[in-house]
Structures are given as C-alpha cells and as structure tokens.
Amino acid sequence: MKVLVATEKPFAAAAVEGIKKEIEAAGNELVLLERYTEKAQLLDAVKDVDAMIVRSDKVTSEVLDAASQLKIVVRAGAGYDSIDTAYAKQKNIVVENTPGQNANAVAELVFGMLVYAVRNFFNGKAGSELKGKRLGILAFGNVGRNVARIAKGFGMEVSAYDAFCPADVIEAAGVHACKSQEELFQTSDVVSLHIPATAETIKSINYALVNQMPKGGILVNTARKEVINEEELLKLLAEREDLKYVADIKPDADAEFVKFEGRYFATPKKMGAQTAEANVNAGIAAAKQINAFFKDGDTKFQVNK
Ligand code: NAD
C-alpha cells in the first residue's frame with residue numbers, strides 16, 4: 001500500500017525517519033510531500049495513494065475527491081477539525097487521530113504560560129504563585145488529565161468539568177468534578193480550556209461564562225481559537241481590568257487583544273505540540289495505526305464512525 005505523508009509544516013526529521021521505518025517494515029511504501037505551498041501539489045500527490053498522514057493540513061472534500069484510492073487518513077495529533085470527516089465517511093474513508101501523543105507537551109505549555117501570566121509577564125513587579133490557587137480544567141481528556149497531574153505538583157486545588165467523561169472518573173484522578181461549566185468558572189482562579197472545536201463548543205467561551213470568574217481570574221487557552229467568542233471576550237477584558245487571557249495561537253482579533261497590555265499574551269505560532277517528543281510520538285503512532293488498519297482492519301482510533 002502507498003502511504004503519503006503530506007505536511008505543509010513538516011515533521012521533525014527524526015519523526016519522518018521513524019514513520020518510514022514503521023511503514024516499510026510492514027511492507028508498505030512511503031511517499032513524502034513536505035512544505036507544499038499550492039493546493040494543486042496536494043491534489044496531485046493524493047491521486048494514487050491508499051493512505052495519508054497529515055498534521056494541521058486541510059483535507060477538504062476536494063482533496064478527498066482527488067484521492068480515488070484513499071482508504072484512510074490519519075491526523076498525527078489530537079484535533080481533526082481540519083479534515084472533512086463527514087464527507088470522508090460518505091466516501092467510506094476512515095479518519096483517525098492519534099490521541100494523547102502530544103498531551104504532555106500541551107500540558108507543560110499551559111504551565112509555562114501560567115507562570116508567565118502570574119509573574120506579570122516578567123515586568124519586574126511582584127506577581128503571585130500558583131500554589132494554593134484553584135485551577136478549573138474544562139474537558140478532562142488527554143491534555144486535561146496531564147494538566148491535572150502537573151497542577152498537583154504546583155500545589156494547586158484542581159477541579160474539572162467534562163460533558164462526556166463521568167464524574168467518578170474525574171474524582172478517581174483526585175480531581176473535584178464540577179456539575180457544570182458555570183460552576184467551574186465560578187470556582188476557579190484559573191480556567192484552562194481543553195475542549196475540542198465542535199458545533200457545540202465554537203464561540204462557547206463567551207462574556208456570560210468568563211464573567212463568572214472570581215476577581216483576578218486567568219483564562220488559558222491551548223485548545224482552539226475558534227472556541228472563544230472573541231468579540232465578547234474583548235468586551236469583558238475592557239470592562240474587567242482584573243482579568244487576564246493567555247493563548248496558544250493568536251486570536252483573529254489579535255490587534256485588538258494586544259491593547260490589553262499586561263493582561264494578554266499569545267504565542268506567535270501554535271506551540272502546544274511543538275516538542276521533539278510529541279512530533280515523533282504522533283508520527284510513529286500514525287504509521288502504526290495505518291499498518292494495523294491494512295493488516296487487521298483495525299479502526300480503534302476512527303473519529304468518523
Ligand atoms: P481528547 O479528545 O483527549 O479530549 C477532549 C475532551 O473534551 C474529551 O474528554 C471530551 O469528553 C471533552 N468534550 C468534548 N466536548 C465537550 C464539551 N462540549 N464540553 C466539555 N467537554 C467536552 O483531546 P485532547 O488531546 O485532550 O485535546 C483537546 C483539544 O486540545 C483538541 O481537540 C485540540 O483542539 C487541542 N489541542 C491543541 C494543541 C496545541 O498545539 N495547542 C495540541 C493538541 C490538542
């Protein structure tokens with residue numbers, strides 16, 4: 001089977017090497033399309049491949065139509081909102097992600113950004129400590145669970161809310177389970193977002209919700225910019241001078257947010273999963289999943305069932 005790695009932003013060289021080794025050991029063939037700049041290059045490269053590994057690359061209906069042999073697409077990473085999963089399902093193409101492989105990388109970044117925020121973005125003035133502060137984790141998935149583990153090391157009081165993960169699973173991890181998003185925002189000095197971008201969550205982090213945070217609240221977003229109602233968050237930041245917002249990837253309205261100097265920070269490029277470890281883990285997991293799919297029909301990580 002022919003497996004294409006199509007990455008506008010390539011994997012680290014060690015990850016590509018690992019992917020190649022896995023794919024070839026299973027008797028499959030690897031082809032690479034890295035740093036492509038035109039959609040036409042992608043449309044041409046997918047023509048005769050049976051499988052694809054992508055990162056944040058857009059796999060639209062046009063790409064899926066051009067890939068007449070395609071049976072499986074694996075997103076090396078967690079979020080798969082860049083892939084037209086419904087259209088792939090119509091065409092009987094399996095879409096998978098590689099959950100958990102970059103979760104520790106993202107969780108560590110949360111604390112890098114948090115320390116930066118509570119120390120006033122290193123302006124030389126006294127800030128505060130994380131120890132004893134209440135951390136609310138919105139969505140107790142792979143990243144959320146790693147955030148909880150690290151938060152305990154900082155001596156934070158940890159709560160979480162997840163619309164699908166049962167409260168007893170959250171409590172079993174030694175984390176207080178909130179009954180609603182509202183309770184989480186009302187009772188947390190810091191709220192860290194780990195929800196996927198879905199029809200329910202897009203723009204769900206809005207004025208009414210964030211305004212429930214106590215005085216001095218910090219909102220940390222390493223999820224997706226789309227989950228934020230930017231217009232409403234800007235209005236709230238203007239009204240409440242005690243609030244801070246830190247994000248991994250610039251909001252669309254970055255030029256408006258930067259006006260809140262000392263209360264806003266965004267990484268210049270999405271940095272959450274950008275570690276050598278996460279890169280290699282996700283790439284190799286994707287290769288193994290493709291091999292298992294062709295060998296045994298394994299679809300354990302399918303996201304468009
Ligand atoms: P995951 O699939 O392991 O966990 C997602 C959790 O969200 C699940 O527990 C699910 O039950 C919960 N959930 C879904 N809809 C919800 C809702 N409406 N309300 C509350 N909870 C809800 O994913 P993950 O690996 O923890 O990653 C979470 C998100 O973080 C990804 O979807 C992605 O958008 C983002 N992410 C960002 C980076 C980065 O580079 N910054 C890297 C990885 C993931």
# chains A, B, ... in the order shown; residues from 1 in each chain; ligands from 1
$ residues_around --residues "range 126-130 of chain A" --least-positions-apart "6" --cutoff "10 Å" --atoms "only C-alpha atoms" --output "VMD selection string"
chain A and resid 111 114 to 120 151 154 to 157 189 to 190
$ closest_atom_pairs --of "chain A" --to "ligand 1" --cutoff "8 Å" --atoms "only C-alpha atoms and all ligand atoms" --output "JSON lines"
{"residue": "A:Gly77", "atom": "CA", "partner": "ligand 1", "partner_atom_place_in_ligand_line": "43 (C)", "distance": 6.2}
{"residue": "A:Ala78", "atom": "CA", "partner": "ligand 1", "partner_atom_place_in_ligand_line": "25 (O)", "distance": 4.9}
{"residue": "A:Gly79", "atom": "CA", "partner": "ligand 1", "partner_atom_place_in_ligand_line": "32 (O)", "distance": 4.1}
{"residue": "A:Tyr80", "atom": "CA", "partner": "ligand 1", "partner_atom_place_in_ligand_line": "32 (O)", "distance": 7.3}
{"residue": "A:Asp81", "atom": "CA", "partner": "ligand 1", "partner_atom_place_in_ligand_line": "34 (O)", "distance": 7.8}
{"residue": "A:Pro99", "atom": "CA", "partner": "ligand 1", "partner_atom_place_in_ligand_line": "25 (O)", "distance": 5.4}
{"residue": "A:Gly100", "atom": "CA", "partner": "ligand 1", "partner_atom_place_in_ligand_line": "25 (O)", "distance": 5.1}
{"residue": "A:Gln101", "atom": "CA", "partner": "ligand 1", "partner_atom_place_in_ligand_line": "25 (O)", "distance": 7.7}
{"residue": "A:Asn102", "atom": "CA", "partner": "ligand 1", "partner_atom_place_in_ligand_line": "43 (C)", "distance": 5.9}
{"residue": "A:Ala103", "atom": "CA", "partner": "ligand 1", "partner_atom_place_in_ligand_line": "25 (O)", "distance": 5.4}
{"residue": "A:Ala105", "atom": "CA", "partner": "ligand 1", "partner_atom_place_in_ligand_line": "42 (C)", "distance": 7.9}
{"residue": "A:Val106", "atom": "CA", "partner": "ligand 1", "partner_atom_place_in_ligand_line": "42 (C)", "distance": 5.7}
{"residue": "A:Leu138", "atom": "CA", "partner": "ligand 1", "partner_atom_place_in_ligand_line": "20 (C)", "distance": 6.1}
{"residue": "A:Ala139", "atom": "CA", "partner": "ligand 1", "partner_atom_place_in_ligand_line": "21 (N)", "distance": 4.1}
{"residue": "A:Phe140", "atom": "CA", "partner": "ligand 1", "partner_atom_place_in_ligand_line": "9 (O)", "distance": 4.6}
{"residue": "A:Gly141", "atom": "CA", "partner": "ligand 1", "partner_atom_place_in_ligand_line": "4 (O)", "distance": 3.3}
{"residue": "A:Asn142", "atom": "CA", "partner": "ligand 1", "partner_atom_place_in_ligand_line": "26 (O)", "distance": 3.8}
{"residue": "A:Val143", "atom": "CA", "partner": "ligand 1", "partner_atom_place_in_ligand_line": "26 (O)", "distance": 3.7}
{"residue": "A:Gly144", "atom": "CA", "partner": "ligand 1", "partner_atom_place_in_ligand_line": "26 (O)", "distance": 5.5}
{"residue": "A:Arg145", "atom": "CA", "partner": "ligand 1", "partner_atom_place_in_ligand_line": "26 (O)", "distance": 7.6}
{"residue": "A:Tyr161", "atom": "CA", "partner": "ligand 1", "partner_atom_place_in_ligand_line": "20 (C)", "distance": 6.4}
{"residue": "A:Asp162", "atom": "CA", "partner": "ligand 1", "partner_atom_place_in_ligand_line": "21 (N)", "distance": 3.9}
{"residue": "A:Ala163", "atom": "CA", "partner": "ligand 1", "partner_atom_place_in_ligand_line": "20 (C)", "distance": 4.0}
{"residue": "A:Phe164", "atom": "CA", "partner": "ligand 1", "partner_atom_place_in_ligand_line": "11 (O)", "distance": 4.2}
{"residue": "A:Cys165", "atom": "CA", "partner": "ligand 1", "partner_atom_place_in_ligand_line": "11 (O)", "distance": 5.2}
{"residue": "A:Gln181", "atom": "CA", "partner": "ligand 1", "partner_atom_place_in_ligand_line": "20 (C)", "distance": 7.6}
{"residue": "A:Leu193", "atom": "CA", "partner": "ligand 1", "partner_atom_place_in_ligand_line": "30 (O)", "distance": 7.8}
{"residue": "A:His194", "atom": "CA", "partner": "ligand 1", "partner_atom_place_in_ligand_line": "28 (C)", "distance": 4.5}
{"residue": "A:Ile195", "atom": "CA", "partner": "ligand 1", "partner_atom_place_in_ligand_line": "7 (O)", "distance": 4.4}
{"residue": "A:Pro196", "atom": "CA", "partner": "ligand 1", "partner_atom_place_in_ligand_line": "32 (O)", "distance": 3.3}
{"residue": "A:Ala197", "atom": "CA", "partner": "ligand 1", "partner_atom_place_in_ligand_line": "34 (O)", "distance": 5.8}
{"residue": "A:Thr198", "atom": "CA", "partner": "ligand 1", "partner_atom_place_in_ligand_line": "15 (N)", "distance": 7.1}
{"residue": "A:Glu200", "atom": "CA", "partner": "ligand 1", "partner_atom_place_in_ligand_line": "18 (N)", "distance": 5.6}
{"residue": "A:Thr201", "atom": "CA", "partner": "ligand 1", "partner_atom_place_in_ligand_line": "18 (N)", "distance": 5.2}
{"residue": "A:Asn221", "atom": "CA", "partner": "ligand 1", "partner_atom_place_in_ligand_line": "41 (N)", "distance": 8.0}
{"residue": "A:Thr222", "atom": "CA", "partner": "ligand 1", "partner_atom_place_in_ligand_line": "41 (N)", "distance": 4.4}
{"residue": "A:Ala223", "atom": "CA", "partner": "ligand 1", "partner_atom_place_in_ligand_line": "35 (C)", "distance": 3.8}
{"residue": "A:Arg224", "atom": "CA", "partner": "ligand 1", "partner_atom_place_in_ligand_line": "34 (O)", "distance": 5.1}
{"residue": "A:Asp248", "atom": "CA", "partner": "ligand 1", "partner_atom_place_in_ligand_line": "41 (N)", "distance": 5.6}
{"residue": "A:Ile249", "atom": "CA", "partner": "ligand 1", "partner_atom_place_in_ligand_line": "41 (N)", "distance": 7.4}
{"residue": "A:Lys270", "atom": "CA", "partner": "ligand 1", "partner_atom_place_in_ligand_line": "40 (O)", "distance": 5.6}
{"residue": "A:Met271", "atom": "CA", "partner": "ligand 1", "partner_atom_place_in_ligand_line": "40 (O)", "distance": 5.5}
{"residue": "A:Gly272", "atom": "CA", "partner": "ligand 1", "partner_atom_place_in_ligand_line": "40 (O)", "distance": 3.5}
{"residue": "A:Ala273", "atom": "CA", "partner": "ligand 1", "partner_atom_place_in_ligand_line": "40 (O)", "distance": 4.2}
{"residue": "A:Gln274", "atom": "CA", "partner": "ligand 1", "partner_atom_place_in_ligand_line": "40 (O)", "distance": 6.9}
$ write_last_selection --atoms "N, CA and C atoms" --output "compact mmCIF listing (two decimals), in the first residue's frame"
# COMPACT_ATOMS: atom_id res chain seq x y z
N GLY A 77 -1.92 13.89 15.56
CA GLY A 77 -2.26 14.93 16.52
C GLY A 77 -3.65 14.66 17.06
N ALA A 78 -4.16 15.62 17.85
CA ALA A 78 -5.45 15.38 18.51
C ALA A 78 -6.62 15.97 17.73
N GLY A 79 -6.57 17.29 17.48
CA GLY A 79 -7.70 17.98 16.84
C GLY A 79 -7.80 17.62 15.37
N TYR A 80 -9.01 17.27 14.90
CA TYR A 80 -9.15 16.87 13.50
C TYR A 80 -10.19 17.72 12.77
N ASP A 81 -10.38 18.96 13.29
CA ASP A 81 -11.33 19.87 12.67
C ASP A 81 -10.85 20.35 11.30
N PRO A 99 -4.72 10.21 19.52
CA PRO A 99 -4.96 10.89 20.79
C PRO A 99 -3.87 10.63 21.81
N GLY A 100 -3.59 11.66 22.56
CA GLY A 100 -2.69 11.51 23.72
C GLY A 100 -1.22 11.69 23.43
N GLN A 101 -0.83 11.61 22.15
CA GLN A 101 0.60 11.61 21.85
C GLN A 101 1.28 12.95 22.14
N ASN A 102 0.49 14.03 22.05
CA ASN A 102 1.11 15.34 22.33
C ASN A 102 0.57 15.96 23.62
N ALA A 103 -0.17 15.17 24.38
CA ALA A 103 -0.89 15.72 25.53
C ALA A 103 0.05 16.30 26.59
N ALA A 105 3.04 17.48 26.11
CA ALA A 105 3.67 18.70 25.56
C ALA A 105 2.74 19.91 25.75
N VAL A 106 1.46 19.71 25.44
CA VAL A 106 0.50 20.82 25.56
C VAL A 106 0.33 21.19 27.04
N LEU A 138 -11.36 22.65 31.82
CA LEU A 138 -12.57 22.42 31.01
C LEU A 138 -12.26 21.37 29.96
N ALA A 139 -12.74 20.17 30.21
CA ALA A 139 -12.59 18.95 29.41
C ALA A 139 -11.44 18.10 29.95
N PHE A 140 -11.84 16.92 30.42
CA PHE A 140 -10.88 16.03 31.09
C PHE A 140 -10.45 14.93 30.14
N GLY A 141 -9.91 15.33 28.98
CA GLY A 141 -9.39 14.37 28.02
C GLY A 141 -7.91 14.17 28.26
N ASN A 142 -7.19 13.83 27.19
CA ASN A 142 -5.76 13.53 27.34
C ASN A 142 -4.97 14.72 27.86
N VAL A 143 -5.23 15.91 27.30
CA VAL A 143 -4.47 17.08 27.76
C VAL A 143 -4.92 17.46 29.18
N GLY A 144 -6.24 17.52 29.36
CA GLY A 144 -6.78 17.90 30.67
C GLY A 144 -6.21 17.05 31.80
N ARG A 145 -6.10 15.76 31.57
CA ARG A 145 -5.59 14.85 32.62
C ARG A 145 -4.13 15.13 32.93
N TYR A 161 -14.47 19.90 34.58
CA TYR A 161 -15.80 19.59 34.06
C TYR A 161 -15.62 19.03 32.65
N ASP A 162 -16.34 17.94 32.38
CA ASP A 162 -16.30 17.35 31.04
C ASP A 162 -17.72 16.89 30.72
N ALA A 163 -18.21 17.26 29.55
CA ALA A 163 -19.61 16.95 29.19
C ALA A 163 -19.82 15.45 29.00
N PHE A 164 -18.75 14.70 28.75
CA PHE A 164 -18.91 13.27 28.43
C PHE A 164 -18.18 12.33 29.40
N CYS A 165 -17.16 12.84 30.07
CA CYS A 165 -16.40 11.97 30.98
C CYS A 165 -17.13 11.91 32.34
N GLN A 181 -20.24 23.72 33.51
CA GLN A 181 -19.21 24.68 33.09
C GLN A 181 -19.27 25.91 33.97
N LEU A 193 -8.59 25.71 29.12
CA LEU A 193 -9.54 25.15 28.14
C LEU A 193 -8.92 23.96 27.39
N HIS A 194 -9.65 22.84 27.39
CA HIS A 194 -9.18 21.65 26.66
C HIS A 194 -10.31 20.96 25.90
N ILE A 195 -11.31 21.76 25.51
CA ILE A 195 -12.43 21.24 24.71
C ILE A 195 -12.01 21.21 23.24
N PRO A 196 -12.52 20.24 22.47
CA PRO A 196 -12.27 20.28 21.02
C PRO A 196 -13.15 21.36 20.39
N ALA A 197 -12.82 21.76 19.16
CA ALA A 197 -13.68 22.72 18.44
C ALA A 197 -14.78 21.92 17.75
N THR A 198 -15.99 22.00 18.28
CA THR A 198 -17.13 21.29 17.69
C THR A 198 -18.27 22.29 17.53
N GLU A 200 -20.86 22.44 19.16
CA GLU A 200 -21.33 22.89 20.49
C GLU A 200 -20.35 23.86 21.14
N THR A 201 -19.04 23.68 20.86
CA THR A 201 -18.06 24.46 21.63
C THR A 201 -17.60 25.74 20.93
N ASN A 221 -5.88 29.34 27.14
CA ASN A 221 -6.45 28.58 26.01
C ASN A 221 -5.35 27.92 25.19
N THR A 222 -5.23 26.60 25.36
CA THR A 222 -4.34 25.85 24.47
C THR A 222 -5.18 24.93 23.59
N ALA A 223 -6.50 25.21 23.52
CA ALA A 223 -7.38 24.35 22.72
C ALA A 223 -7.40 24.86 21.28
N ARG A 224 -8.38 25.69 20.96
CA ARG A 224 -8.50 26.26 19.61
C ARG A 224 -9.00 27.69 19.75
N ASP A 248 -2.47 29.90 23.27
CA ASP A 248 -1.50 29.27 22.36
C ASP A 248 -2.07 29.37 20.95
N ILE A 249 -1.77 30.35 20.27
CA ILE A 249 -2.17 30.75 18.92
C ILE A 249 -3.00 32.03 19.00
N LYS A 270 1.40 28.51 16.98
CA LYS A 270 0.87 27.48 17.89
C LYS A 270 2.03 26.59 18.36
N MET A 271 2.26 26.56 19.66
CA MET A 271 3.45 25.90 20.20
C MET A 271 3.15 24.64 21.00
N GLY A 272 1.86 24.41 21.29
CA GLY A 272 1.48 23.34 22.23
C GLY A 272 2.15 22.00 21.95
N ALA A 273 2.03 21.55 20.71
CA ALA A 273 2.52 20.21 20.38
C ALA A 273 3.95 20.25 19.83
N GLN A 274 4.55 21.43 19.86
CA GLN A 274 5.86 21.59 19.22
C GLN A 274 7.00 21.17 20.12
$ residues_around --residues "range 11-18 of chain A" --least-positions-apart "6" --cutoff "12 Å" --atoms "only C-alpha atoms" --output "ChimeraX atom specification"
/A:4-5,24-25,30-35,53-56,76-77,273-288
$ select_by_dssp --residues "range 100-144 of chain A" --states "strand (DSSP E)" --output "list in words"
Arg134, Leu135, Gly136, Ile137 and Leu138 of chain A
$ select_by_dssp --residues "range 23-239 of chain A" --states "alpha helix (DSSP H)" --output "PyMOL selection string"
chain A and resi 23-25+39-45+61-66+85-90+103-118+142-154+167-172+181-186+207-210+230-239
$ residues_around --residues "Arg263 in chain A" --least-positions-apart "3" --cutoff "10 Å" --atoms "only C-alpha atoms" --output "CSV table (one decimal) with all heavy atoms, in the first residue's frame"
chain,number,residue,atom,x,y,z
A,117,ALA,N,2.1,34.5,33.2
A,117,ALA,CA,1.0,35.4,33.5
A,117,ALA,C,0.9,35.8,34.9
A,117,ALA,O,0.8,37.0,35.2
A,117,ALA,CB,-0.3,34.7,33.1
A,118,VAL,N,1.1,34.9,35.9
A,118,VAL,CA,1.0,35.3,37.3
A,118,VAL,C,2.2,36.1,37.7
A,118,VAL,O,2.2,36.9,38.7
A,118,VAL,CB,0.8,34.1,38.3
A,118,VAL,CG1,-0.6,33.5,38.1
A,118,VAL,CG2,1.9,33.0,38.2
A,120,ASN,N,3.3,38.5,36.0
A,120,ASN,CA,3.1,39.8,35.3
A,120,ASN,C,3.9,39.9,34.0
A,120,ASN,O,4.5,41.0,33.7
A,120,ASN,CB,3.4,41.0,36.2
A,120,ASN,CG,2.4,41.0,37.4
A,120,ASN,OD1,1.3,40.7,37.3
A,120,ASN,ND2,3.0,41.4,38.6
A,121,PHE,N,4.0,38.8,33.3
A,121,PHE,CA,4.7,38.8,32.0
A,121,PHE,C,6.2,39.3,32.2
A,121,PHE,O,6.7,40.0,31.3
A,121,PHE,CB,4.0,39.6,30.9
A,121,PHE,CG,2.5,39.1,30.8
A,121,PHE,CD1,1.5,39.8,31.3
A,121,PHE,CD2,2.3,37.9,30.2
A,121,PHE,CE1,0.2,39.4,31.1
A,121,PHE,CE2,1.0,37.4,30.0
A,121,PHE,CZ,-0.1,38.1,30.5
A,218,ILE,N,-7.7,34.1,35.5
A,218,ILE,CA,-6.9,34.0,34.3
A,218,ILE,C,-7.5,32.9,33.5
A,218,ILE,O,-7.8,31.8,34.0
A,218,ILE,CB,-5.4,33.6,34.7
A,218,ILE,CG1,-4.8,34.6,35.6
A,218,ILE,CG2,-4.6,33.4,33.4
A,218,ILE,CD1,-3.4,34.2,36.1
A,237,LEU,N,-12.8,42.0,28.7
A,237,LEU,CA,-11.5,42.5,29.2
A,237,LEU,C,-11.5,44.0,29.4
A,237,LEU,O,-10.8,44.6,30.2
A,237,LEU,CB,-10.4,42.1,28.1
A,237,LEU,CG,-10.0,40.6,28.1
A,237,LEU,CD1,-9.1,40.3,26.9
A,237,LEU,CD2,-9.2,40.2,29.4
A,241,GLU,N,-10.8,44.9,34.5
A,241,GLU,CA,-9.3,45.1,34.5
A,241,GLU,C,-8.5,44.1,35.3
A,241,GLU,O,-7.3,44.1,35.2
A,241,GLU,CB,-9.0,46.5,34.9
A,241,GLU,CG,-9.4,47.6,34.0
A,241,GLU,CD,-9.0,49.0,34.3
A,241,GLU,OE1,-8.2,49.1,35.3
A,241,GLU,OE2,-9.3,49.9,33.6
A,242,ASP,N,-9.3,43.2,36.0
A,242,ASP,CA,-8.6,42.2,36.8
A,242,ASP,C,-8.3,40.9,36.0
A,242,ASP,O,-7.6,40.1,36.5
A,242,ASP,CB,-9.5,41.9,38.0
A,242,ASP,CG,-10.9,41.3,37.6
A,242,ASP,OD1,-11.6,42.0,36.9
A,242,ASP,OD2,-11.2,40.2,37.9
A,243,LEU,N,-8.9,40.8,34.8
A,243,LEU,CA,-8.8,39.5,34.1
A,243,LEU,C,-7.6,39.5,33.2
A,243,LEU,O,-7.3,40.5,32.6
A,243,LEU,CB,-10.1,39.3,33.2
A,243,LEU,CG,-11.4,39.0,34.0
A,243,LEU,CD1,-12.5,38.8,33.0
A,243,LEU,CD2,-11.3,37.8,34.9
A,244,LYS,N,-7.1,38.2,33.0
A,244,LYS,CA,-6.0,38.0,32.0
A,244,LYS,C,-6.4,36.9,31.1
A,244,LYS,O,-7.1,36.0,31.5
A,244,LYS,CB,-4.7,37.6,32.8
A,244,LYS,CG,-4.0,38.7,33.5
A,244,LYS,CD,-2.8,38.2,34.2
A,244,LYS,CE,-2.1,39.4,34.9
A,244,LYS,NZ,-1.3,38.9,36.0
A,245,TYR,N,-5.9,37.0,29.8
A,245,TYR,CA,-6.1,35.9,28.8
A,245,TYR,C,-4.8,35.6,28.2
A,245,TYR,O,-4.1,36.4,27.7
A,245,TYR,CB,-7.1,36.5,27.8
A,245,TYR,CG,-7.4,35.4,26.7
A,245,TYR,CD1,-7.7,34.1,27.0
A,245,TYR,CD2,-7.2,35.8,25.3
A,245,TYR,CE1,-8.0,33.2,26.0
A,245,TYR,CE2,-7.5,34.8,24.3
A,245,TYR,CZ,-7.8,33.5,24.7
A,245,TYR,OH,-8.1,32.6,23.7
A,246,VAL,N,-4.4,34.3,28.3
A,246,VAL,CA,-3.2,33.8,27.6
A,246,VAL,C,-3.6,32.6,26.7
A,246,VAL,O,-4.4,31.8,27.0
A,246,VAL,CB,-2.1,33.4,28.6
A,246,VAL,CG1,-1.5,34.6,29.2
A,246,VAL,CG2,-2.6,32.4,29.7
A,257,PHE,N,-6.7,42.6,21.0
A,257,PHE,CA,-6.3,42.0,22.3
A,257,PHE,C,-5.0,42.6,22.8
A,257,PHE,O,-4.9,42.8,24.0
A,257,PHE,CB,-6.1,40.4,22.1
A,257,PHE,CG,-7.5,39.7,22.2
A,257,PHE,CD1,-8.2,39.4,21.1
A,257,PHE,CD2,-8.0,39.3,23.4
A,257,PHE,CE1,-9.4,38.7,21.1
A,257,PHE,CE2,-9.2,38.6,23.5
A,257,PHE,CZ,-9.9,38.3,22.4
A,258,VAL,N,-4.0,42.9,21.9
A,258,VAL,CA,-2.8,43.4,22.3
A,258,VAL,C,-2.9,44.8,23.0
A,258,VAL,O,-2.0,45.2,23.8
A,258,VAL,CB,-1.7,43.5,21.2
A,258,VAL,CG1,-1.2,42.2,20.8
A,258,VAL,CG2,-2.1,44.4,20.1
A,259,LYS,N,-4.0,45.4,22.9
A,259,LYS,CA,-4.3,46.7,23.6
A,259,LYS,C,-4.3,46.5,25.1
A,259,LYS,O,-4.2,47.4,25.8
A,259,LYS,CB,-5.6,47.3,23.0
A,259,LYS,CG,-5.4,47.8,21.6
A,259,LYS,CD,-6.7,48.4,21.1
A,259,LYS,CE,-6.6,48.8,19.6
A,259,LYS,NZ,-7.9,49.0,19.0
A,260,PHE,N,-4.6,45.2,25.5
A,260,PHE,CA,-4.7,45.0,26.9
A,260,PHE,C,-3.3,44.5,27.4
A,260,PHE,O,-3.1,43.4,27.9
A,260,PHE,CB,-5.8,43.9,27.2
A,260,PHE,CG,-7.2,44.3,26.8
A,260,PHE,CD1,-7.7,43.9,25.6
A,260,PHE,CD2,-7.8,45.2,27.6
A,260,PHE,CE1,-9.0,44.3,25.2
A,260,PHE,CE2,-9.1,45.7,27.2
A,260,PHE,CZ,-9.7,45.2,26.0
